[in-house]
file query_7.cif (mmCIF, C-alpha atoms and all ligand atoms)
data_model
#
loop_
_atom_site.label_atom_id
_atom_site.label_comp_id
_atom_site.auth_asym_id
_atom_site.auth_seq_id
_atom_site.Cartn_x
_atom_site.Cartn_y
_atom_site.Cartn_z
CA MET O 1 -18.61 -7.33 278.28
CA SER O 2 -22.12 -6.72 276.97
CA SER O 3 -23.04 -3.53 275.20
CA PRO O 4 -26.28 -1.59 275.65
CA ALA O 5 -27.27 -2.65 272.11
CA ALA O 6 -26.61 -6.33 272.88
CA LEU O 7 -28.65 -5.98 276.08
CA ARG O 8 -31.58 -4.45 274.22
CA GLU O 9 -31.40 -7.20 271.60
CA GLY O 10 -31.31 -9.88 274.32
CA TYR O 11 -34.44 -8.55 275.95
CA GLU O 12 -36.38 -8.93 272.69
CA HIS O 13 -36.32 -12.68 273.40
CA PHE O 14 -37.19 -12.45 277.12
CA ASP O 15 -40.02 -14.90 277.90
CA PRO O 16 -41.94 -13.82 281.02
CA ARG O 17 -43.52 -17.24 281.61
CA ALA O 18 -40.14 -18.98 281.44
CA TYR O 19 -38.70 -16.37 283.79
CA LEU O 20 -41.55 -16.92 286.24
CA ARG O 21 -41.06 -20.70 286.03
CA ASN O 22 -37.32 -20.37 286.68
CA ASN O 23 -37.59 -18.18 289.76
CA TYR O 24 -41.12 -18.25 291.22
CA LEU O 25 -42.09 -21.92 291.15
CA PRO O 26 -40.36 -24.69 293.15
CA PRO O 27 -37.59 -25.33 293.96
CA ARG O 28 -36.92 -21.59 294.42
CA ALA O 29 -40.49 -20.83 295.47
CA ASP O 30 -40.28 -23.15 298.48
CA PHE O 31 -42.02 -21.68 301.52
CA SER O 32 -41.32 -24.60 303.85
CA SER O 33 -38.30 -23.01 305.50
CA GLU O 34 -36.92 -19.52 306.16
CA GLU O 35 -33.69 -20.95 304.78
CA PHE O 36 -35.04 -20.71 301.25
CA VAL O 37 -34.57 -17.63 299.09
CA VAL O 38 -38.17 -16.55 298.53
CA PRO O 39 -39.07 -16.54 302.27
CA TRP O 40 -35.82 -14.64 302.89
CA LYS O 41 -36.72 -11.96 300.32
CA LEU O 42 -40.28 -11.61 301.60
CA ARG O 43 -39.08 -11.38 305.20
CA CYS O 44 -36.60 -8.59 304.35
CA LEU O 45 -39.45 -6.55 302.90
CA ALA O 46 -42.02 -7.42 305.59
CA GLU O 47 -39.61 -6.52 308.42
CA THR O 48 -38.58 -3.25 306.78
CA PHE O 49 -42.17 -2.10 306.27
CA ALA O 50 -43.30 -3.36 309.70
CA SER O 51 -41.63 -0.39 311.43
CA GLY O 52 -44.12 1.95 309.71
CA GLU O 53 -41.30 4.43 309.00
CA ILE O 54 -41.59 3.90 305.23
CA ARG O 55 -44.98 5.16 304.08
CA GLY O 56 -46.58 7.82 301.91
CA GLN O 57 -48.61 8.51 298.79
CA THR O 58 -46.63 6.82 296.02
CA LEU O 59 -44.19 3.93 295.78
CA ILE O 60 -42.59 3.23 292.40
CA ASP O 61 -41.33 -0.25 291.57
CA VAL O 62 -38.49 -0.05 289.04
CA GLY O 63 -38.16 -2.91 286.57
CA SER O 64 -41.06 -4.91 288.03
CA GLY O 65 -40.67 -7.57 285.38
CA PRO O 66 -43.71 -9.90 285.43
CA THR O 67 -43.73 -10.13 289.25
CA ILE O 68 -45.78 -8.58 292.06
CA TYR O 69 -44.43 -10.47 295.12
CA GLN O 70 -42.10 -7.58 295.87
CA LEU O 71 -45.12 -5.28 296.45
CA LEU O 72 -47.04 -7.39 298.95
CA SER O 73 -45.75 -5.71 302.12
CA ALA O 74 -45.34 -2.29 300.50
CA CYS O 75 -48.98 -2.04 299.44
CA ASP O 76 -50.18 -1.57 303.05
CA HIS O 77 -48.18 1.65 303.39
CA PHE O 78 -48.78 3.55 300.14
CA GLU O 79 -51.95 4.89 298.54
CA GLU O 80 -50.59 4.25 295.06
CA ILE O 81 -48.16 1.69 293.69
CA VAL O 82 -46.64 2.42 290.28
CA ALA O 83 -45.21 -0.65 288.57
CA THR O 84 -42.80 -0.23 285.65
CA ASP O 85 -40.98 -2.31 283.10
CA TYR O 86 -39.07 -1.95 279.86
CA LEU O 87 -40.91 -4.74 278.05
CA ALA O 88 -44.56 -4.63 276.99
CA VAL O 89 -44.79 -8.41 277.52
CA ASN O 90 -44.00 -7.89 281.21
CA ARG O 91 -46.37 -4.95 281.58
CA GLU O 92 -49.08 -7.10 279.97
CA GLU O 93 -48.35 -9.96 282.40
CA LEU O 94 -48.69 -7.54 285.33
CA GLY O 95 -51.93 -6.17 283.87
CA ARG O 96 -53.41 -9.68 283.60
CA TRP O 97 -52.78 -10.27 287.29
CA ALA O 98 -53.98 -6.79 288.27
CA ARG O 99 -57.28 -7.35 286.45
CA GLY O 100 -57.65 -10.88 287.85
CA GLU O 101 -57.76 -12.31 284.34
CA PRO O 102 -57.53 -16.03 283.61
CA GLY O 103 -54.03 -17.19 282.65
CA ALA O 104 -52.35 -14.74 285.02
CA PHE O 105 -49.56 -16.17 287.17
CA ASP O 106 -50.78 -17.59 290.52
CA TRP O 107 -49.22 -15.47 293.30
CA ARG O 108 -51.46 -16.92 296.04
CA PRO O 109 -48.65 -18.92 297.77
CA PHE O 110 -46.65 -15.67 298.03
CA ILE O 111 -49.64 -13.66 299.29
CA GLN O 112 -50.48 -16.34 301.85
CA HIS O 113 -46.85 -16.48 303.06
CA VAL O 114 -46.62 -12.69 303.45
CA CYS O 115 -49.89 -12.60 305.44
CA LYS O 116 -48.48 -15.36 307.66
CA ILE O 117 -45.15 -13.64 308.38
CA GLU O 118 -46.81 -10.24 308.88
CA GLY O 119 -48.66 -11.96 311.69
CA ARG O 120 -51.87 -9.91 311.63
CA GLY O 121 -54.06 -12.84 310.66
CA GLU O 122 -55.04 -10.97 307.51
CA PRO O 123 -56.94 -13.10 304.99
CA TRP O 124 -54.82 -13.40 301.86
CA GLN O 125 -57.82 -12.27 299.78
CA ASP O 126 -57.74 -8.88 301.56
CA LYS O 127 -54.05 -8.41 300.76
CA GLU O 128 -54.64 -9.43 297.14
CA ARG O 129 -57.56 -7.01 296.86
CA ARG O 130 -55.60 -4.16 298.41
CA LEU O 131 -52.64 -4.57 296.05
CA ARG O 132 -54.96 -4.74 293.06
CA GLN O 133 -56.71 -1.55 294.23
CA ARG O 134 -53.47 0.35 294.79
CA LEU O 135 -51.53 -0.87 291.74
CA ARG O 136 -52.85 2.08 289.73
CA ARG O 137 -50.26 2.51 286.93
CA ILE O 138 -48.02 0.11 284.94
CA LEU O 139 -45.59 2.30 282.98
CA PRO O 140 -42.75 1.83 280.49
CA ILE O 141 -39.31 2.61 281.93
CA ASP O 142 -35.68 2.73 280.80
CA VAL O 143 -33.20 3.12 283.65
CA HIS O 144 -30.46 4.11 281.21
CA ARG O 145 -32.25 7.43 280.68
CA PRO O 146 -31.70 10.26 283.17
CA GLU O 147 -35.49 10.57 283.21
CA PRO O 148 -36.35 6.82 283.26
CA LEU O 149 -40.07 7.43 282.71
CA GLY O 150 -39.46 9.98 279.95
CA ALA O 151 -40.79 12.74 282.21
CA PRO O 152 -40.50 13.49 285.95
CA LEU O 153 -43.01 11.95 288.35
CA HIS O 154 -45.23 14.66 289.81
CA PRO O 155 -45.11 14.55 292.76
CA PRO O 156 -41.88 12.53 293.09
CA ALA O 157 -42.26 9.09 294.64
CA ASP O 158 -42.12 8.81 298.42
CA ALA O 159 -40.36 5.44 298.08
CA LEU O 160 -38.68 3.37 295.41
CA LEU O 161 -38.40 -0.41 295.21
CA SER O 162 -36.42 -2.40 292.66
CA ALA O 163 -35.90 -6.15 292.58
CA PHE O 164 -33.25 -7.84 290.43
CA CYS O 165 -33.40 -5.20 287.71
CA LEU O 166 -30.48 -2.77 287.77
CA GLU O 167 -27.64 -5.31 287.78
CA ALA O 168 -29.41 -7.27 285.04
CA VAL O 169 -29.56 -4.32 282.67
CA SER O 170 -26.16 -2.71 283.36
CA PRO O 171 -23.18 -3.78 281.25
CA ASP O 172 -20.74 -2.84 284.02
CA ARG O 173 -20.53 -1.32 287.51
CA ALA O 174 -20.33 2.24 286.21
CA ALA O 175 -23.60 1.71 284.32
CA PHE O 176 -25.11 0.26 287.52
CA VAL O 177 -24.18 3.46 289.39
CA ARG O 178 -25.66 5.62 286.62
CA ALA O 179 -28.89 3.59 286.62
CA LEU O 180 -29.12 4.02 290.40
CA ALA O 181 -28.65 7.77 290.03
CA HIS O 182 -31.28 7.90 287.28
CA VAL O 183 -33.92 6.07 289.33
CA GLY O 184 -32.96 8.26 292.30
CA ASN O 185 -34.32 11.19 290.24
CA LEU O 186 -37.80 9.63 290.65
CA LEU O 187 -37.57 9.78 294.45
CA ARG O 188 -38.29 12.79 296.67
CA PRO O 189 -35.52 14.05 299.00
CA GLY O 190 -35.71 11.97 302.18
CA GLY O 191 -37.45 9.17 300.27
CA HIS O 192 -36.52 5.54 300.92
CA ALA O 193 -35.08 3.11 298.38
CA LEU O 194 -35.38 -0.65 298.84
CA LEU O 195 -33.34 -2.85 296.54
CA LEU O 196 -33.21 -6.62 296.10
CA GLY O 197 -30.61 -7.91 293.71
CA ALA O 198 -28.27 -10.66 292.61
CA LEU O 199 -24.73 -11.12 293.91
CA GLY O 200 -22.07 -12.72 291.75
CA GLU O 201 -24.41 -13.29 288.83
CA SER O 202 -23.06 -13.05 285.27
CA PHE O 203 -26.05 -14.37 283.29
CA TYR O 204 -29.62 -15.60 283.60
CA LEU O 205 -32.04 -17.42 281.32
CA ALA O 206 -35.60 -16.43 280.42
CA GLY O 207 -36.69 -18.92 277.77
CA PRO O 208 -34.72 -18.33 274.55
CA ALA O 209 -33.07 -15.27 276.11
CA ARG O 210 -29.70 -15.52 277.84
CA LEU O 211 -29.07 -12.15 279.46
CA PRO O 212 -25.76 -10.84 280.80
CA VAL O 213 -25.61 -9.47 284.35
CA VAL O 214 -22.89 -7.37 285.95
CA PRO O 215 -21.53 -9.53 288.80
CA LEU O 216 -21.75 -7.55 292.05
CA GLN O 217 -20.31 -8.11 295.50
CA GLU O 218 -21.75 -6.50 298.63
CA SER O 219 -18.98 -3.89 298.53
CA ASP O 220 -19.99 -2.92 294.98
CA VAL O 221 -23.56 -2.33 296.14
CA ARG O 222 -22.37 -0.24 299.07
CA GLU O 223 -20.07 1.86 296.84
CA ALA O 224 -22.70 2.26 294.10
CA LEU O 225 -25.33 3.54 296.52
CA ALA O 226 -22.87 6.06 297.95
CA ALA O 227 -21.74 7.13 294.45
CA ALA O 228 -25.38 7.60 293.42
CA GLY O 229 -25.96 9.87 296.42
CA PHE O 230 -27.89 7.52 298.71
CA ALA O 231 -27.29 7.06 302.44
CA LEU O 232 -27.21 3.34 303.31
CA ARG O 233 -29.47 2.31 306.21
CA GLU O 234 -29.14 -1.48 306.02
CA LEU O 235 -27.52 -4.11 303.79
CA ARG O 236 -28.16 -7.84 304.21
CA SER O 237 -27.04 -10.79 302.08
CA TYR O 238 -28.24 -14.33 301.45
CA ALA O 239 -26.03 -17.15 300.10
CA MET O 240 -27.74 -19.30 297.49
CA PRO O 241 -27.75 -22.93 298.70
CA PRO O 242 -26.66 -25.67 296.25
CA ALA O 243 -30.26 -26.97 295.97
CA LEU O 244 -31.35 -23.61 294.51
CA ARG O 245 -28.49 -23.38 292.01
CA THR O 246 -30.66 -24.79 289.23
CA GLY O 247 -28.78 -23.60 286.15
CA VAL O 248 -31.24 -20.82 285.24
CA ASP O 249 -28.50 -18.38 286.25
CA ASP O 250 -25.17 -18.44 288.08
CA VAL O 251 -26.29 -16.30 291.01
CA ASP O 252 -24.19 -16.74 294.18
CA GLY O 253 -26.48 -14.83 296.48
CA VAL O 254 -29.02 -12.09 296.97
CA PHE O 255 -28.64 -8.67 298.62
CA PHE O 256 -31.26 -6.51 300.29
CA ALA O 257 -30.45 -2.83 300.69
CA HIS O 258 -32.43 -0.13 302.46
CA ALA O 259 -31.13 3.32 301.56
CA GLN O 260 -32.38 6.89 301.76
CA LYS O 261 -32.08 9.91 299.49
CA PRO O 262 -30.73 12.78 301.61
CA LEU O 263 -33.10 15.62 302.47
CA GLU O 264 -30.75 18.30 301.20
CA ALA O 265 -30.35 18.09 297.42
N1 LIG U 301 -33.27 -0.46 280.27
C1 LIG U 301 -34.12 -1.03 281.16
N2 LIG U 301 -34.71 -0.27 282.13
C2 LIG U 301 -35.56 -0.86 283.02
N3 LIG U 301 -35.86 -2.18 283.03
C3 LIG U 301 -35.29 -2.94 282.06
C4 LIG U 301 -34.41 -2.42 281.10
N4 LIG U 301 -34.01 -3.43 280.29
C5 LIG U 301 -34.63 -4.54 280.72
N5 LIG U 301 -35.40 -4.25 281.79
C6 LIG U 301 -36.24 -5.16 282.57
O1 LIG U 301 -35.49 -5.63 283.68
C7 LIG U 301 -35.67 -7.04 283.83
C8 LIG U 301 -35.96 -7.38 285.27
S1 LIG U 301 -35.86 -9.14 285.50
C9 LIG U 301 -34.14 -9.26 285.75
C10 LIG U 301 -33.78 -10.61 286.26
N6 LIG U 301 -32.59 -10.61 287.09
C11 LIG U 301 -31.85 -11.86 287.15
C12 LIG U 301 -32.59 -13.03 287.77
C13 LIG U 301 -33.55 -12.60 288.82
C14 LIG U 301 -33.64 -13.51 290.01
C15 LIG U 301 -34.82 -13.59 290.73
C16 LIG U 301 -34.90 -14.39 291.87
C17 LIG U 301 -33.79 -15.09 292.28
N7 LIG U 301 -33.86 -15.91 293.45
O2 LIG U 301 -32.88 -16.59 293.79
O3 LIG U 301 -34.94 -15.85 294.11
C18 LIG U 301 -32.58 -15.00 291.57
C19 LIG U 301 -32.52 -14.20 290.43
C20 LIG U 301 -31.27 -14.07 289.63
N8 LIG U 301 -31.63 -14.03 288.21
C21 LIG U 301 -36.81 -7.43 282.87
O4 LIG U 301 -38.08 -7.26 283.52
C22 LIG U 301 -36.63 -6.38 281.76
O5 LIG U 301 -37.81 -6.14 281.04
#

call {"tool": "encode", "arguments": {"input": "query_7.cif", "output": "structure tokens"}}
result
Amino acid sequence: MSSPAALREGYEHFDPRAYLRNNYLPPRADFSSEEFVVPWKLRCLAETFASGEIRGQTLIDVGSGPTIYQLLSACDHFEEIVATDYLAVNREELGRWARGEPGAFDWRPFIQHVCKIEGRGEPWQDKERRLRQRLRRILPIDVHRPEPLGAPLHPPADALLSAFCLEAVSPDRAAFVRALAHVGNLLRPGGHALLLGALGESFYLAGPARLPVVPLQESDVREALAAAGFALRELRSYAMPPALRTGVDDVDGVFFAHAQKPLEA
């Protein structure tokens, strides 16, 4: 069992470039088949946003890490995207990409794949430009605080997205529920929450850092969302194939949850 202090200490050694290598280059970043994990994640998001039901002024991405792939379908439906992370090294990595600076991670294969599956024939450069225009703020966040940003968002976000963060920063399931409730404070009543996360994962590597993760099953996700006051709309799971079990973590699968904060407080 990890403690909050041990978690914080572990994250001091988190290496964004190693993390990106482990999860967002081949073999995991293989776009050749829908059977692979990255196309599955991108399709969950593209299909959910395709309905047009989830839209508004502001979407907040909780625990963005050094990645922007999770925002590629969202950015067509919100005027402003707010990215967040606990570590300055991740916020700096996001800033490098947002400013189109040399040395930033190359997300083009992801942008091209999302344009392909969205099926509007949109040039990937347009999607890249739109996300860069709408990614207006990159803020520090701590999901263990009741006010994760240190102060309320005014106005509250119309939608919330979080990919692989909450289970990776919660020592146990109760902490996972609390973190969910905390980030729910950032969302307006009736707002939508989209979560991608790891199933059955107990650790992951990011360079010198070896971080503990609370292992979740689908039922834990379902119960946590209910306990945090969300109404579940959809929950899908993906089983990690042997070829993608590369030793950078012990993840068994990935979940995608679409939930909604009730209108009445
Ligand atoms: N207190 C805090 N509040 C908010 N964020 C915090 C806090 N502490 C650390 N953070 C922030 O949260 C972190 C988010 S990255 C967490 C990584 N999760 C595990 C990893 C992810 C992954 C990705 C893709 C695939 N796949 O198969 O495609 C599998 C897997 C499974 N392994 C990191 O950015 C840290 O900086």

call {"tool": "residues_around", "arguments": {"input": "query_7.cif", "residues": "Glu122 of chain O", "least_positions_apart": "4", "cutoff": "12 Å", "atoms": "all atoms listed in the file", "output": "NGL selection string"}}
result
:O and (73 or 76 or 111-118 or 126-130)

call {"tool": "write_last_selection", "arguments": {"input": "query_7.cif", "atoms": "C-alpha atoms", "output": "PDB file, keeping the file's coordinate frame"}}
result
ATOM      1  CA  SER O  73     -45.750  -5.710 302.120  1.00  0.00           C
ATOM      2  CA  ASP O  76     -50.180  -1.570 303.050  1.00  0.00           C
ATOM      3  CA  ILE O 111     -49.640 -13.660 299.290  1.00  0.00           C
ATOM      4  CA  GLN O 112     -50.480 -16.340 301.850  1.00  0.00           C
ATOM      5  CA  HIS O 113     -46.850 -16.480 303.060  1.00  0.00           C
ATOM      6  CA  VAL O 114     -46.620 -12.690 303.450  1.00  0.00           C
ATOM      7  CA  CYS O 115     -49.890 -12.600 305.440  1.00  0.00           C
ATOM      8  CA  LYS O 116     -48.480 -15.360 307.660  1.00  0.00           C
ATOM      9  CA  ILE O 117     -45.150 -13.640 308.380  1.00  0.00           C
ATOM     10  CA  GLU O 118     -46.810 -10.240 308.880  1.00  0.00           C
ATOM     11  CA  ASP O 126     -57.740  -8.880 301.560  1.00  0.00           C
ATOM     12  CA  LYS O 127     -54.050  -8.410 300.760  1.00  0.00           C
ATOM     13  CA  GLU O 128     -54.640  -9.430 297.140  1.00  0.00           C
ATOM     14  CA  ARG O 129     -57.560  -7.010 296.860  1.00  0.00           C
ATOM     15  CA  ARG O 130     -55.600  -4.160 298.410  1.00  0.00           C
TER      16      ARG O 130
END

call {"tool": "residues_near_ligand", "arguments": {"input": "query_7.cif", "ligand": "ligand LIG 301 (chain U)", "cutoff": "7 Å", "atoms": "only C-alpha atoms and all ligand atoms", "output": "PyMOL selection string"}}
result
chain O and resi 8+11+23+28+37-38+62-66+85-87+90+141-144+164-165+168-169+198+201+204+240+249+251+254

call {"tool": "atom_distance", "arguments": {"input": "query_7.cif", "atom1": "atom CA of Phe203 of chain O", "atom2": "atom CA of Asp250 of chain O"}}
result
6.3 Å

call {"tool": "residues_around", "arguments": {"input": "query_7.cif", "residues": "segment 95-110 of chain O", "least_positions_apart": "5", "cutoff": "12 Å", "atoms": "only C-alpha atoms", "output": "VMD selection string"}}
result
chain O and resid 16 to 21 24 to 26 28 to 32 38 to 43 64 to 73 81 to 85 88 to 90 115 to 117 123 to 139

call {"tool": "write_last_selection", "arguments": {"input": "query_7.cif", "atoms": "C-alpha atoms", "output": "compact mmCIF listing (two decimals), in the coordinates of the input"}}
result
# COMPACT_ATOMS: atom_id res chain seq x y z
CA PRO O 16 -41.94 -13.82 281.02
CA ARG O 17 -43.52 -17.24 281.61
CA ALA O 18 -40.14 -18.98 281.44
CA TYR O 19 -38.70 -16.37 283.79
CA LEU O 20 -41.55 -16.92 286.24
CA ARG O 21 -41.06 -20.70 286.03
CA TYR O 24 -41.12 -18.25 291.22
CA LEU O 25 -42.09 -21.92 291.15
CA PRO O 26 -40.36 -24.69 293.15
CA ARG O 28 -36.92 -21.59 294.42
CA ALA O 29 -40.49 -20.83 295.47
CA ASP O 30 -40.28 -23.15 298.48
CA PHE O 31 -42.02 -21.68 301.52
CA SER O 32 -41.32 -24.60 303.85
CA VAL O 38 -38.17 -16.55 298.53
CA PRO O 39 -39.07 -16.54 302.27
CA TRP O 40 -35.82 -14.64 302.89
CA LYS O 41 -36.72 -11.96 300.32
CA LEU O 42 -40.28 -11.61 301.60
CA ARG O 43 -39.08 -11.38 305.20
CA SER O 64 -41.06 -4.91 288.03
CA GLY O 65 -40.67 -7.57 285.38
CA PRO O 66 -43.71 -9.90 285.43
CA THR O 67 -43.73 -10.13 289.25
CA ILE O 68 -45.78 -8.58 292.06
CA TYR O 69 -44.43 -10.47 295.12
CA GLN O 70 -42.10 -7.58 295.87
CA LEU O 71 -45.12 -5.28 296.45
CA LEU O 72 -47.04 -7.39 298.95
CA SER O 73 -45.75 -5.71 302.12
CA ILE O 81 -48.16 1.69 293.69
CA VAL O 82 -46.64 2.42 290.28
CA ALA O 83 -45.21 -0.65 288.57
CA THR O 84 -42.80 -0.23 285.65
CA ASP O 85 -40.98 -2.31 283.10
CA ALA O 88 -44.56 -4.63 276.99
CA VAL O 89 -44.79 -8.41 277.52
CA ASN O 90 -44.00 -7.89 281.21
CA CYS O 115 -49.89 -12.60 305.44
CA LYS O 116 -48.48 -15.36 307.66
CA ILE O 117 -45.15 -13.64 308.38
CA PRO O 123 -56.94 -13.10 304.99
CA TRP O 124 -54.82 -13.40 301.86
CA GLN O 125 -57.82 -12.27 299.78
CA ASP O 126 -57.74 -8.88 301.56
CA LYS O 127 -54.05 -8.41 300.76
CA GLU O 128 -54.64 -9.43 297.14
CA ARG O 129 -57.56 -7.01 296.86
CA ARG O 130 -55.60 -4.16 298.41
CA LEU O 131 -52.64 -4.57 296.05
CA ARG O 132 -54.96 -4.74 293.06
CA GLN O 133 -56.71 -1.55 294.23
CA ARG O 134 -53.47 0.35 294.79
CA LEU O 135 -51.53 -0.87 291.74
CA ARG O 136 -52.85 2.08 289.73
CA ARG O 137 -50.26 2.51 286.93
CA ILE O 138 -48.02 0.11 284.94
CA LEU O 139 -45.59 2.30 282.98

call {"tool": "closest_residue", "arguments": {"input": "query_7.cif", "among": "O:Ser202, O:Pro189, O:Arg236, O:Arg210", "to": "Pro262 of chain O", "atoms": "only C-alpha atoms"}}
result
O:Pro189

call {"tool": "closest_residue", "arguments": {"input": "query_7.cif", "among": "O:Glu218, O:Ala50, O:Leu235, O:Ser3", "to": "Leu194 of chain O", "atoms": "all atoms listed in the file"}}
result
O:Leu235

call {"tool": "residues_around", "arguments": {"input": "query_7.cif", "residues": "Val248 of chain O", "least_positions_apart": "3", "cutoff": "8 Å", "atoms": "only C-alpha atoms", "output": "PDB file with C-alpha atoms, keeping the file's coordinate frame"}}
result
ATOM      1  CA  ASN O  22     -37.320 -20.370 286.680  1.00  0.00           C
ATOM      2  CA  TYR O 204     -29.620 -15.600 283.600  1.00  0.00           C
ATOM      3  CA  LEU O 205     -32.040 -17.420 281.320  1.00  0.00           C
ATOM      4  CA  ALA O 206     -35.600 -16.430 280.420  1.00  0.00           C
ATOM      5  CA  ARG O 245     -28.490 -23.380 292.010  1.00  0.00           C
TER       6      ARG O 245
END

call {"tool": "closest_residue", "arguments": {"input": "query_7.cif", "among": "O:Asp15, O:Glu147, O:Glu223, O:Glu264", "to": "Arg188 of chain O", "atoms": "all atoms listed in the file"}}
result
O:Glu264

call {"tool": "closest_residue", "arguments": {"input": "query_7.cif", "among": "O:Val177, O:Leu244, O:Leu232, O:Ala239", "to": "Asp220 of chain O", "atoms": "all atoms listed in the file"}}
result
O:Val177

call {"tool": "atom_distance", "arguments": {"input": "query_7.cif", "atom1": "atom CA of Arg222 of chain O", "atom2": "atom CA of Leu153 of chain O"}}
result
26.3 Å

call {"tool": "build_atoms", "arguments": {"input": "query_7.cif", "residues": "segment 125-131 of chain O", "atoms": "all heavy atoms", "output": "CSV table (one decimal), in the coordinates of the input"}}
result
chain,number,residue,atom,x,y,z
O,125,GLN,N,-57.0,-12.9,300.8
O,125,GLN,CA,-57.8,-12.3,299.8
O,125,GLN,C,-57.9,-10.8,300.0
O,125,GLN,O,-57.9,-10.0,299.1
O,125,GLN,CB,-59.3,-12.8,299.8
O,125,GLN,CG,-59.4,-14.3,299.5
O,125,GLN,CD,-59.2,-15.2,300.7
O,125,GLN,OE1,-58.6,-14.8,301.7
O,125,GLN,NE2,-59.8,-16.4,300.6
O,126,ASP,N,-57.7,-10.3,301.3
O,126,ASP,CA,-57.7,-8.9,301.6
O,126,ASP,C,-56.5,-8.2,301.0
O,126,ASP,O,-56.5,-7.2,300.4
O,126,ASP,CB,-57.8,-8.6,303.1
O,126,ASP,CG,-59.2,-9.0,303.6
O,126,ASP,OD1,-60.0,-9.6,302.8
O,126,ASP,OD2,-59.5,-8.8,304.8
O,127,LYS,N,-55.4,-8.9,301.2
O,127,LYS,CA,-54.0,-8.4,300.8
O,127,LYS,C,-54.1,-8.3,299.2
O,127,LYS,O,-53.7,-7.3,298.6
O,127,LYS,CB,-52.9,-9.3,301.2
O,127,LYS,CG,-51.6,-9.1,300.7
O,127,LYS,CD,-50.8,-8.0,301.4
O,127,LYS,CE,-50.2,-8.4,302.7
O,127,LYS,NZ,-49.5,-7.2,303.3
O,128,GLU,N,-54.6,-9.4,298.6
O,128,GLU,CA,-54.6,-9.4,297.1
O,128,GLU,C,-55.5,-8.3,296.6
O,128,GLU,O,-55.1,-7.6,295.7
O,128,GLU,CB,-55.2,-10.8,296.7
O,128,GLU,CG,-55.3,-10.9,295.2
O,128,GLU,CD,-56.0,-12.2,294.8
O,128,GLU,OE1,-57.2,-12.4,295.1
O,128,GLU,OE2,-55.3,-13.0,294.1
O,129,ARG,N,-56.6,-8.1,297.3
O,129,ARG,CA,-57.6,-7.0,296.9
O,129,ARG,C,-56.9,-5.6,297.0
O,129,ARG,O,-57.0,-4.8,296.1
O,129,ARG,CB,-58.9,-7.1,297.7
O,129,ARG,CG,-60.0,-6.1,297.2
O,129,ARG,CD,-61.3,-6.2,298.0
O,129,ARG,NE,-61.6,-7.6,298.3
O,129,ARG,CZ,-61.6,-8.2,299.4
O,129,ARG,NH1,-61.2,-7.6,300.5
O,129,ARG,NH2,-61.9,-9.5,299.6
O,130,ARG,N,-56.2,-5.5,298.2
O,130,ARG,CA,-55.6,-4.2,298.4
O,130,ARG,C,-54.5,-3.8,297.4
O,130,ARG,O,-54.5,-2.8,296.8
O,130,ARG,CB,-55.0,-4.1,299.8
O,130,ARG,CG,-54.4,-2.7,300.1
O,130,ARG,CD,-53.9,-2.5,301.5
O,130,ARG,NE,-54.9,-3.0,302.5
O,130,ARG,CZ,-54.7,-4.2,303.1
O,130,ARG,NH1,-53.6,-4.9,302.9
O,130,ARG,NH2,-55.6,-4.6,304.0
O,131,LEU,N,-53.7,-4.8,297.1
O,131,LEU,CA,-52.6,-4.6,296.0
O,131,LEU,C,-53.3,-4.3,294.7
O,131,LEU,O,-52.9,-3.3,294.0
O,131,LEU,CB,-51.7,-5.7,295.9
O,131,LEU,CG,-50.5,-5.6,294.9
O,131,LEU,CD1,-49.8,-4.3,295.1
O,131,LEU,CD2,-49.6,-6.8,295.0
